[in-house]
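A short write-up of the structure that comes next.
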Number of protein chains: 2
Amino acid sequence: MNTPTTQRLRTIWLNEAHTIQVIDQRHLPHQMLVRDLTTTAEVVEAIKSMTVRGAPLIGATAALGLYLAAQEAAKAPDPEVYFATQVEALRQSRPTAVNLFWAIDRQLKGLQGLTAWADKATQLLQGALAIIEEDVEICRRIGAYGLPLLESIAKQKPQGQPVNILTHCNAGFLGCIEWGTATSPIYQAHQQGMPVHVWVDETRPRNQGANLTAWELSQAGVPHTLVVDNTGGHLMQHGLVDLAIVGTDRTTRQGDVANKIGTYLKALAAFDNQIPFYVALPSTSIDWNIRDGIREIPIEERNQDEVKWVQGWDGQQLTQVLITPSTTKAANFGFDVTPARLISGLITERGICQANEEAMLTLFPEMR
Amino acid sequence: MNTPTTQRLRTIWLNEAHTIQVIDQRHLPHQMLVRDLTTTAEVVEAIKSMTVRGAPLIGATAALGLYLAAQEAAKAPDPEVYFATQVEALRQSRPTAVNLFWAIDRQLKGLQGLTAWADKATQLLQGALAIIEEDVEICRRIGAYGLPLLESIAKQKPQGQPVNILTHCNAGFLGCIEWGTATSPIYQAHQQGMPVHVWVDETRPRNQGANLTAWELSQAGVPHTLVVDNTGGHLMQHGLVDLAIVGTDRTTRQGDVANKIGTYLKALAAFDNQIPFYVALPSTSIDWNIRDGIREIPIEERNQDEVKWVQGWDGQQLTQVLITPSTTKAANFGFDVTPARLISGLITERGICQANEEAMLTLFPEMR
């Protein structure tokens with residue numbers, strides 16, 4: 001597992017003293033604070049408070065939390081009760097996070113046949129490290145499969161002209177462990193010396209593009225320009241975007257893609273201007289039980305204050321400002337659904353396929 | 001000319017003491033401050049500082065500024081030189097505002113044959129009031145022609161269900177004198193007792209929707225909900241928008257529409273979901289000399305700090321917060337162009353026409 005002293009920054013790691021450390025994402029991009037997680041309670045709090053966020057990272061953090069819980073249980077008066085209580089606290093930390101439950105269940109399954117708490121702790125540590133390295137490998141492979149898309153565009157450009165990629169929200173390493181999904185082909189291209197430039201959608205209302213994607217691209221030295229979410233259509237009309245790549249929270253069996261609100265508008269603009277529009281995803285985010293994304297995917301409605309108040313740095317501290325009459329109501333839909341017909345392809349850890357059931361089943365025949 | 005004591009709020013008026021007063025729009029929506037403009041210098045400063053904004057309002061304010069300039073000139077050592085200097089100062093106050101030059105030129109033309117400064121002042125006051133009342137009448141007529149669109153939707157709805165209109169930016173009375181353009185059919189429907197509800201696009205980066213449109217709808221008691229600019233596509237997919245109406249800064253002879261950045265994305269979503277998308281405009285904003293909006297309309301690039309910093313109310317004062325790494329660059333395109341093929345119709349002061357040259361020339365045969 002990487003530590004901050006190795007080359008590529010990760011979102012979670014064990015330091016030399018074997019302490020779990022994470023980037024405290026609540027302060028990004030204004031402050032880069034690393035936080036120690038030394039107890040299960042601290043892990044629960046870190047997930048609840050969104051110190052860590054992003055489905056794979058939440059799962060990985062909870063998996064390491066169970067390792068701490070087993071160590072604590074060994075010293076508790078009733079280890080079984082203590083451990084069960086901590087498992088429940090972890091489960092409750094982000095009740096809608098599918099990866100959280102998946103990681104916890106996988107970890108608990110790994111304990112079968114073990115009785116000594118020291119053995120359980122060892123197993124849980126190994127299990128967590130495996131979850132982490134698997135996520136890194138999935139993201140690396142998404143990047144490797146996506147890279148040729150960028151290479152073929154680069155070949156058609158005059159020497160030194162960057163490939164311009166537009167992305168929405170944060171599907172970067174900050175939501176995962178390393179590489180990210182939509183960003184992985186970009187990082188791999190940049191690492192190989194290909195000139196790339198990323199148009200970063202601000203991504204209102206929570207500004208994950210402005211806060212997180214811009215920050216992680218800065219850290220990696222990838223040239224990028226922040227734009228408000230309204231801008232993508234104009235850029236595409238004027239030939240300033242070669243390719244769009246976004247992430248997804250949930251993709252249906254027929255290739256409809258739920259992603260951060262506003263993704264659909266960019267897909268429409270890409271389609272209207274004949275610009276390739278790709279979605280990068282680990283296959284675990286495909287929901288094989290549903291087809292019609294617009295009808296079947298429930299869209300989370302969040303607190304209106306995320307729209308009415310904007311958080312930023314006032315020069316001295318993080319602060320929030322109201323941008324509308326205090327009496328004005330706001331609606332805050334978290335996601336929208338982009339119909340498969342607007343999507344050029346899905347970039348998965350097994351390769352690229354078209355966004356339709358037959359093509360997806362060719363890559364994932366076990367889902368037939 | 002209305003004063004604030006009459007029923008409908010205006011953006012500029014003369015009070016009982018014959019002092020020019022304006023709403024200081026820089027403090028909206030957080031404070032409603034009325035400012036006196038008692039000298040030409042104050043008028044120039046009000047336009048420069050965006051105390052008043054919006055093409056028709058800028059023109060009207062400058063027209064009244066000339067009235068003050070003539071009064072001041074009468075008392076100056078060299079009235080001619082003084083007046084010419086003030087005219088130039090007004091011209092320079094917002095160098096890209098076409099209505100500003102138009103209003104000044106029209107006012108100066110009205111002075112032909114007059115020599116006494118008192119007569120000139122009287123003429124300039126009458127000329128300014130005429131400009132103001134003409135704008136009010138144009139906006140009123142746009143509303144009258146747009147109203148049947150809303151009525152026909154209302155008829156198809158169950159009793160009491162509101163007509164849902166989406167709008168982008170501020171094409172409301174705050175940029176004009178009264179009624180506004182895109183808002184005029186909405187205000188007239190509301191005034192008649194038709195249930196209406198407006199989805200207000202926040203309109204990043206300057207947040208004119210959140211700041212201005214939400215405020216003026218609140219003042220008029222029109223039900224509305226603020227949404228981030230990313231939301232319109234989702235709303236349209238789910239049948240939550242019956243009609244979109246926006247304004248325009250410049251429309252070409254073939255009906256391509258330049259409007260606030262992001263308008264094109266909403267037009268794409270409306271087209272994809274078969275929702276009517278209308279543009280409300282005074283015919284003065286039609287540029288009969290150009291056809292292809294995407295190729296021929298230059299798009300203003302504004303300061304990146306408008307994207308990187310967000311202004312709002314921190315509970316005590318207006319303040320600005322940084323929402324991205326300080327080193328991140330931002331691009332800030334002010335407008336985009338919506339191709340005529342995506343537009344259901346243009347609502348003008350002479351009636352509604354399709355967005356194509358033949359239909360437009362039928363309404364405006366003098367432009368053949």
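Every chain in the structure tokens has a letter given in the order shown (A, B, ...), and although residue numbers restart at 1 in each chain, ligands are simply numbered from 1 in the order shown.
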Chain A residues within 7 Å of chain B, counting only C-alpha atoms: which ones, as an NGL selection string? :A and (29-30 or 204-205 or 210-211 or 214-215 or 225-231 or 233-234 or 261-262 or 264-265 or 268-269 or 307 or 312-314 or 320-325 or 328-332 or 336)
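For Arg368 (chain A), the non-local neighbours within 10 Å, defined as residues at least 6 positions apart in the same chain or in other chains and counting only C-alpha atoms, are Trp288, Glu357, Glu358, Met360, Leu361 and Thr362 of chain A.
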Selection above as a file: N, CA and C atoms, as a PDB file, in the first residue's frame:
```pdb
ATOM      1  N   TRP A 288     -27.589  -4.691 -13.028  1.00  0.00           N
ATOM      2  CA  TRP A 288     -28.082  -5.586 -14.080  1.00  0.00           C
ATOM      3  C   TRP A 288     -29.568  -5.878 -13.932  1.00  0.00           C
ATOM      4  N   GLU A 357     -27.417  -3.407 -24.270  1.00  0.00           N
ATOM      5  CA  GLU A 357     -27.404  -4.653 -23.505  1.00  0.00           C
ATOM      6  C   GLU A 357     -26.532  -5.713 -24.157  1.00  0.00           C
ATOM      7  N   GLU A 358     -26.673  -5.866 -25.484  1.00  0.00           N
ATOM      8  CA  GLU A 358     -25.938  -6.926 -26.164  1.00  0.00           C
ATOM      9  C   GLU A 358     -24.427  -6.716 -26.033  1.00  0.00           C
ATOM     10  N   MET A 360     -22.843  -4.948 -23.774  1.00  0.00           N
ATOM     11  CA  MET A 360     -22.427  -5.062 -22.377  1.00  0.00           C
ATOM     12  C   MET A 360     -22.320  -6.532 -21.970  1.00  0.00           C
ATOM     13  N   LEU A 361     -23.253  -7.355 -22.470  1.00  0.00           N
ATOM     14  CA  LEU A 361     -23.224  -8.780 -22.117  1.00  0.00           C
ATOM     15  C   LEU A 361     -22.076  -9.513 -22.807  1.00  0.00           C
ATOM     16  N   THR A 362     -21.599  -8.968 -23.903  1.00  0.00           N
ATOM     17  CA  THR A 362     -20.438  -9.576 -24.546  1.00  0.00           C
ATOM     18  C   THR A 362     -19.203  -9.427 -23.651  1.00  0.00           C
TER      19      THR A 362
END
```
For CA of Trp117 (chain B) and CA of Phe101 (chain B), quote the distance in Å rounded to one decimal. 21.9 Å
Please return as a PyMOL selection string: the residues of region 54-258 of chain B that backbone DSSP assigns to alpha helix (DSSP H). chain B and resi 55-75+79-91+98-109+117-155+184-191+208+214-220+232-237
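Between CA of Val34 (chain B) and CA of Ala62 (chain B) the separation is 17.4 Å.
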Extract, using only C-alpha atoms, all DNA, RNA and protein residues at most 7 Å from region 83-100 of chain B, discarding same-chain residues fewer than 6 positions from it, and format them as an NGL selection string. :B and (40 or 44 or 47-48 or 55-56 or 58-59 or 62 or 69-70 or 73)
Looking at B:Gly172, B:Gly143, B:Gly345, B:Gly293, which one is nearest to Gln191 (chain B), with distances taken over only C-alpha atoms? B:Gly143
When you count only C-alpha atoms, which of these residues is closest to Arg10 (chain B): B:Val43, B:Ala76, B:Leu174, B:Ala244? B:Leu174
Skipping near chain neighbours, those fewer than 3 positions away, what residues fall within 12 Å of Glu137 (chain A) using only C-alpha atoms, listed as a count of residues only? 21
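One distance worth recording is that between CA of Val222 (chain B) and CA of Ile186 (chain B), which is 8.4 Å.
In terms of minimum interatomic distance to Pro185 (chain B), B:Ala171 ranks closest within B:Ala171, B:Ile104, B:Leu124, B:Ala60, counting only C-alpha atoms.
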May I have the residues within 8 Å of Leu33 (chain B) as a list in words, using only C-alpha atoms and disregarding those fewer than 4 positions away in the same chain? Ile23, Asp24, Gln25 and His27 of chain B
